[in-house]
Amino acid sequence: MTTEAPPVGLIGLGTMGRAMAERLLDEGVPLVVHDVVRESARPLVDRGATLAESIGALARATRCVLLSLPGPREVSAVVAEDGGLLDQLAPGSVVVDLSTNAVDVVRDLAQQAAARGVHFLDSPVSGGSGGARDGTLVLMVGGGSEGLERARPVLEKLSRVIHPLGASGAGTITKLINNQLYLCGEVLFFEALVLATKG
């Protein structure tokens with residue numbers, strides 16, 4: 001007798017989170033979703049996702065939770081505050097933070113998660129919402145290999161490349177460097193346009 005795997009949880013249904021959710025649903029992944037803006041979940045529920053009324057309800061329903069949130073404050077609240085994921089997730093579960101976060105925050109959350117027997121991966125993405133919908137994101141992953149292997153079957157549906165970068169925080173550092181290079185290139189491009197116009 002086989003037992004169905006528990007659904008994947010996804011918290012944060014903004015532009016990126018919604019695109020990731022759509023991709024997972026297209027791939028036939030059972031999905032439980034949550035967002036502080038309840039209405040944002042309606043199109044996903046119409047496509048087969050289950051709405052969790054609270055973070056705790058989502059945590060009790062799954063063993064793998066993906067986060068796509070605005071920043072460090074929101075990630076910390078969802079993971080570690082009273083009633084957050086760490087209060088409800090079973091040992092052995094994995095939390096994958098796909099947000100762009102702060103290095104000290106992800107390292108602290110990884111330590112708190114490990115104390116509860118939960119794996120925490122910092123795995124910021126590159127590729128935008130189009131890459132999320134197409135399953136062609138690039139993932140930069142910091143954290144233990146055991147957690148990554150548990151999450152890999154889900155992450156492979158979202159990505160074309162997964163870069164395991166070592167210790168907790170390494171994924172976040174890499175994404176911040178990537179952003180820095182991209183923004184510098186953008187500044188140079190606009191300076192070149194100004195020079196060309198004046199010339």
# chains A, B, ... in the order shown; residues from 1 in each chain; ligands from 1

$ residues_around --residues "stretch 66-83 of chain A" --least-positions-apart "2" --cutoff "9 Å" --atoms "only C-alpha atoms" --output "ChimeraX atom specification"
/A:8-14,16-18,20,54-56,64,85-88,94-102,105-106,109,112-113

$ write_last_selection --atoms "N, CA and C atoms" --output "mmCIF file, in the first residue's frame"
data_model
loop_
_atom_site.group_PDB
_atom_site.id
_atom_site.type_symbol
_atom_site.label_atom_id
_atom_site.label_comp_id
_atom_site.auth_asym_id
_atom_site.auth_seq_id
_atom_site.Cartn_x
_atom_site.Cartn_y
_atom_site.Cartn_z
ATOM 1 N N VAL A 8 2.969 20.312 -1.050
ATOM 2 C CA VAL A 8 3.984 21.341 -0.848
ATOM 3 C C VAL A 8 3.280 22.599 -0.365
ATOM 4 N N GLY A 9 3.871 23.299 0.593
ATOM 5 C CA GLY A 9 3.330 24.567 1.057
ATOM 6 C C GLY A 9 4.042 25.728 0.382
ATOM 7 N N LEU A 10 3.298 26.789 0.099
ATOM 8 C CA LEU A 10 3.904 27.995 -0.466
ATOM 9 C C LEU A 10 3.274 29.202 0.218
ATOM 10 N N ILE A 11 4.123 30.021 0.823
ATOM 11 C CA ILE A 11 3.668 31.230 1.528
ATOM 12 C C ILE A 11 4.222 32.451 0.801
ATOM 13 N N GLY A 12 3.312 33.344 0.422
ATOM 14 C CA GLY A 12 3.692 34.553 -0.305
ATOM 15 C C GLY A 12 3.261 34.443 -1.749
ATOM 16 N N LEU A 13 2.176 35.128 -2.102
ATOM 17 C CA LEU A 13 1.589 34.978 -3.438
ATOM 18 C C LEU A 13 1.619 36.287 -4.214
ATOM 19 N N GLY A 14 2.741 36.984 -4.094
ATOM 20 C CA GLY A 14 2.960 38.161 -4.931
ATOM 21 C C GLY A 14 3.326 37.721 -6.343
ATOM 22 N N MET A 16 6.166 36.844 -7.849
ATOM 23 C CA MET A 16 6.994 35.644 -7.958
ATOM 24 C C MET A 16 6.308 34.425 -7.351
ATOM 25 N N GLY A 17 5.736 34.585 -6.172
ATOM 26 C CA GLY A 17 5.092 33.455 -5.516
ATOM 27 C C GLY A 17 3.948 32.888 -6.334
ATOM 28 N N ARG A 18 3.154 33.773 -6.911
ATOM 29 C CA ARG A 18 2.034 33.312 -7.734
ATOM 30 C C ARG A 18 2.540 32.554 -8.960
ATOM 31 N N MET A 20 5.367 30.916 -9.262
ATOM 32 C CA MET A 20 5.872 29.619 -8.817
ATOM 33 C C MET A 20 4.726 28.655 -8.535
ATOM 34 N N SER A 54 -4.135 29.734 8.018
ATOM 35 C CA SER A 54 -3.067 30.268 8.875
ATOM 36 C C SER A 54 -1.754 29.590 8.520
ATOM 37 N N ILE A 55 -0.664 30.185 9.001
ATOM 38 C CA ILE A 55 0.656 29.581 8.805
ATOM 39 C C ILE A 55 0.711 28.218 9.485
ATOM 40 N N GLY A 56 0.142 28.145 10.684
ATOM 41 C CA GLY A 56 0.146 26.886 11.410
ATOM 42 C C GLY A 56 -0.592 25.786 10.657
ATOM 43 N N CYS A 64 7.290 20.267 3.323
ATOM 44 C CA CYS A 64 8.177 21.124 2.524
ATOM 45 C C CYS A 64 7.463 22.443 2.282
ATOM 46 N N LEU A 85 6.104 28.874 11.445
ATOM 47 C CA LEU A 85 6.376 27.534 10.926
ATOM 48 C C LEU A 85 7.080 26.642 11.939
ATOM 49 N N LEU A 86 8.072 27.185 12.641
ATOM 50 C CA LEU A 86 8.854 26.343 13.541
ATOM 51 C C LEU A 86 8.044 25.837 14.725
ATOM 52 N N ASP A 87 6.937 26.478 15.014
ATOM 53 C CA ASP A 87 6.062 25.996 16.089
ATOM 54 C C ASP A 87 5.239 24.785 15.664
ATOM 55 N N GLN A 88 5.109 24.568 14.356
ATOM 56 C CA GLN A 88 4.161 23.561 13.873
ATOM 57 C C GLN A 88 4.769 22.487 12.973
ATOM 58 N N VAL A 94 11.411 20.638 5.693
ATOM 59 C CA VAL A 94 12.361 21.589 5.115
ATOM 60 C C VAL A 94 11.636 22.867 4.729
ATOM 61 N N VAL A 95 12.268 23.993 5.057
ATOM 62 C CA VAL A 95 11.788 25.318 4.662
ATOM 63 C C VAL A 95 12.782 25.879 3.655
ATOM 64 N N VAL A 96 12.282 26.295 2.508
ATOM 65 C CA VAL A 96 13.136 26.855 1.456
ATOM 66 C C VAL A 96 12.763 28.311 1.267
ATOM 67 N N ASP A 97 13.664 29.204 1.643
ATOM 68 C CA ASP A 97 13.420 30.636 1.498
ATOM 69 C C ASP A 97 13.900 31.071 0.119
ATOM 70 N N LEU A 98 12.959 31.320 -0.787
ATOM 71 C CA LEU A 98 13.270 31.734 -2.152
ATOM 72 C C LEU A 98 13.333 33.250 -2.289
ATOM 73 N N SER A 99 13.168 33.948 -1.172
ATOM 74 C CA SER A 99 13.209 35.413 -1.159
ATOM 75 C C SER A 99 14.662 35.898 -1.234
ATOM 76 N N THR A 100 14.818 37.197 -1.535
ATOM 77 C CA THR A 100 16.120 37.836 -1.364
ATOM 78 C C THR A 100 16.163 38.360 0.064
ATOM 79 N N ASN A 101 17.092 37.838 0.857
ATOM 80 C CA ASN A 101 17.067 38.055 2.293
ATOM 81 C C ASN A 101 18.387 38.674 2.749
ATOM 82 N N ALA A 102 18.595 38.713 4.059
ATOM 83 C CA ALA A 102 19.835 39.216 4.656
ATOM 84 C C ALA A 102 20.610 38.030 5.222
ATOM 85 N N VAL A 105 20.130 37.123 8.900
ATOM 86 C CA VAL A 105 18.782 36.603 9.163
ATOM 87 C C VAL A 105 18.692 35.132 8.779
ATOM 88 N N VAL A 106 19.161 34.775 7.594
ATOM 89 C CA VAL A 106 19.021 33.370 7.174
ATOM 90 C C VAL A 106 19.879 32.451 8.035
ATOM 91 N N LEU A 109 17.963 31.997 11.312
ATOM 92 C CA LEU A 109 16.805 31.133 11.118
ATOM 93 C C LEU A 109 17.226 29.682 10.918
ATOM 94 N N GLN A 112 17.914 28.313 14.350
ATOM 95 C CA GLN A 112 16.667 28.056 15.077
ATOM 96 C C GLN A 112 15.948 26.825 14.521
ATOM 97 N N ALA A 113 15.951 26.701 13.216
ATOM 98 C CA ALA A 113 15.295 25.553 12.593
ATOM 99 C C ALA A 113 16.001 24.248 12.972
#

$ select_by_dssp --residues "stretch 14-140 of chain A" --states "strand (DSSP E or B)" --output "JSON, numbers by chain"
{"A": [31, 32, 33, 34, 50, 51, 64, 65, 66, 67, 94, 95, 96, 97, 119, 120, 121, 122, 125, 126, 137, 138, 139, 140]}

$ select_by_dssp --residues "stretch 29-196 of chain A" --states "alpha helix (DSSP H)" --output "VMD selection string"
chain A and resid 42 to 46 55 to 61 72 to 80 85 to 88 103 to 115 128 to 134 145 to 158 170 to 196

$ residues_around --residues "A:Ser168" --least-positions-apart "3" --cutoff "6 Å" --atoms "only C-alpha atoms" --output "list of chain:residue names"
A:Arg107, A:Gly142, A:Gly143

$ write_last_selection --atoms "C-alpha atoms" --output "JSON list (two decimals), in the first residue's frame"
[["chain", "number", "residue", "atom", "x", "y", "z"],
["A", 107, "ARG", "CA", 21.88, 32.09, 9.32],
["A", 142, "GLY", "CA", 22.87, 27.76, 1.01],
["A", 143, "GLY", "CA", 22.34, 25.15, 3.71]]

$ residues_around --residues "A:Gly117" --least-positions-apart "6" --cutoff "10 Å" --atoms "only C-alpha atoms" --output "list in words"
Leu86, Leu89, Ala90, Pro91, Gly92, Ser93, Val94 and Gln111 of chain A

$ closest_residue --among "A:Val65, A:Ala19, A:Ala192, A:Leu58" --to "A:Val154" --atoms "only C-alpha atoms"
A:Val65

$ closest_residue --among "A:Leu25, A:His163, A:Gly171, A:Leu148" --to "A:Ser123" --atoms "only C-alpha atoms"
A:Gly171

$ closest_residue --among "A:Gly147, A:Ala49, A:Gln180, A:Gly169" --to "A:Asp26" --atoms "only C-alpha atoms"
A:Ala49

$ residues_around --residues "A:Pro7" --least-positions-apart "3" --cutoff "8 Å" --atoms "only C-alpha atoms" --output "PyMOL selection string"
chain A and resi 29-32+61-64

$ decode --residues "stretch 38-108 of chain A" --atoms "C-alpha atoms" --output "mmCIF file, in the first residue's frame"
data_model
loop_
_atom_site.group_PDB
_atom_site.id
_atom_site.type_symbol
_atom_site.label_atom_id
_atom_site.label_comp_id
_atom_site.auth_asym_id
_atom_site.auth_seq_id
_atom_site.Cartn_x
_atom_site.Cartn_y
_atom_site.Cartn_z
ATOM 1 C CA ARG A 38 -6.462 36.201 1.143
ATOM 2 C CA GLU A 39 -7.866 37.277 -2.233
ATOM 3 C CA SER A 40 -4.508 36.656 -3.892
ATOM 4 C CA ALA A 41 -5.023 32.921 -3.368
ATOM 5 C CA ARG A 42 -8.386 32.738 -5.160
ATOM 6 C CA PRO A 43 -7.054 32.136 -8.733
ATOM 7 C CA LEU A 44 -4.791 29.378 -7.398
ATOM 8 C CA VAL A 45 -7.584 27.753 -5.421
ATOM 9 C CA ASP A 46 -9.685 27.821 -8.600
ATOM 10 C CA ARG A 47 -6.885 25.827 -10.241
ATOM 11 C CA GLY A 48 -6.723 23.213 -7.497
ATOM 12 C CA ALA A 49 -4.576 24.615 -4.694
ATOM 13 C CA THR A 50 -5.770 24.395 -1.095
ATOM 14 C CA LEU A 51 -5.977 27.595 0.938
ATOM 15 C CA ALA A 52 -4.511 27.422 4.441
ATOM 16 C CA GLU A 53 -6.230 29.860 6.782
ATOM 17 C CA SER A 54 -3.067 30.268 8.875
ATOM 18 C CA ILE A 55 0.656 29.581 8.805
ATOM 19 C CA GLY A 56 0.146 26.886 11.410
ATOM 20 C CA ALA A 57 -2.496 25.133 9.300
ATOM 21 C CA LEU A 58 -0.148 25.140 6.325
ATOM 22 C CA ALA A 59 2.743 23.807 8.414
ATOM 23 C CA ARG A 60 0.645 20.934 9.735
ATOM 24 C CA ALA A 61 -0.341 19.946 6.195
ATOM 25 C CA THR A 62 3.108 19.673 4.641
ATOM 26 C CA ARG A 63 6.748 18.695 5.090
ATOM 27 C CA CYS A 64 8.177 21.124 2.524
ATOM 28 C CA VAL A 65 7.433 24.865 2.638
ATOM 29 C CA LEU A 66 8.524 27.415 0.050
ATOM 30 C CA LEU A 67 8.687 31.103 0.970
ATOM 31 C CA SER A 68 8.441 33.977 -1.495
ATOM 32 C CA LEU A 69 8.227 37.058 0.691
ATOM 33 C CA PRO A 70 9.190 40.754 0.450
ATOM 34 C CA GLY A 71 12.191 40.690 2.775
ATOM 35 C CA PRO A 72 13.931 39.697 6.017
ATOM 36 C CA ARG A 73 11.249 40.998 8.392
ATOM 37 C CA GLU A 74 8.466 39.002 6.740
ATOM 38 C CA VAL A 75 10.550 35.827 6.486
ATOM 39 C CA SER A 76 11.543 36.030 10.158
ATOM 40 C CA ALA A 77 7.938 36.528 11.233
ATOM 41 C CA VAL A 78 6.609 33.625 9.169
ATOM 42 C CA VAL A 79 9.335 31.227 10.287
ATOM 43 C CA ALA A 80 10.174 32.091 13.872
ATOM 44 C CA GLU A 81 7.497 34.197 15.566
ATOM 45 C CA ASP A 82 4.869 32.642 17.842
ATOM 46 C CA GLY A 83 2.535 30.575 15.706
ATOM 47 C CA GLY A 84 5.080 30.488 12.877
ATOM 48 C CA LEU A 85 6.376 27.534 10.926
ATOM 49 C CA LEU A 86 8.854 26.343 13.541
ATOM 50 C CA ASP A 87 6.062 25.996 16.089
ATOM 51 C CA GLN A 88 4.161 23.561 13.873
ATOM 52 C CA LEU A 89 6.435 21.791 11.377
ATOM 53 C CA ALA A 90 7.326 18.177 12.080
ATOM 54 C CA PRO A 91 11.025 17.304 12.547
ATOM 55 C CA GLY A 92 12.627 16.464 9.238
ATOM 56 C CA SER A 93 10.610 19.074 7.356
ATOM 57 C CA VAL A 94 12.361 21.589 5.115
ATOM 58 C CA VAL A 95 11.788 25.318 4.662
ATOM 59 C CA VAL A 96 13.136 26.855 1.456
ATOM 60 C CA ASP A 97 13.420 30.636 1.498
ATOM 61 C CA LEU A 98 13.270 31.734 -2.152
ATOM 62 C CA SER A 99 13.209 35.413 -1.159
ATOM 63 C CA THR A 100 16.120 37.836 -1.364
ATOM 64 C CA ASN A 101 17.067 38.055 2.293
ATOM 65 C CA ALA A 102 19.835 39.216 4.656
ATOM 66 C CA VAL A 103 22.757 36.941 5.482
ATOM 67 C CA ASP A 104 22.532 37.280 9.259
ATOM 68 C CA VAL A 105 18.782 36.603 9.163
ATOM 69 C CA VAL A 106 19.021 33.370 7.174
ATOM 70 C CA ARG A 107 21.885 32.090 9.316
ATOM 71 C CA ASP A 108 19.931 32.793 12.492
#
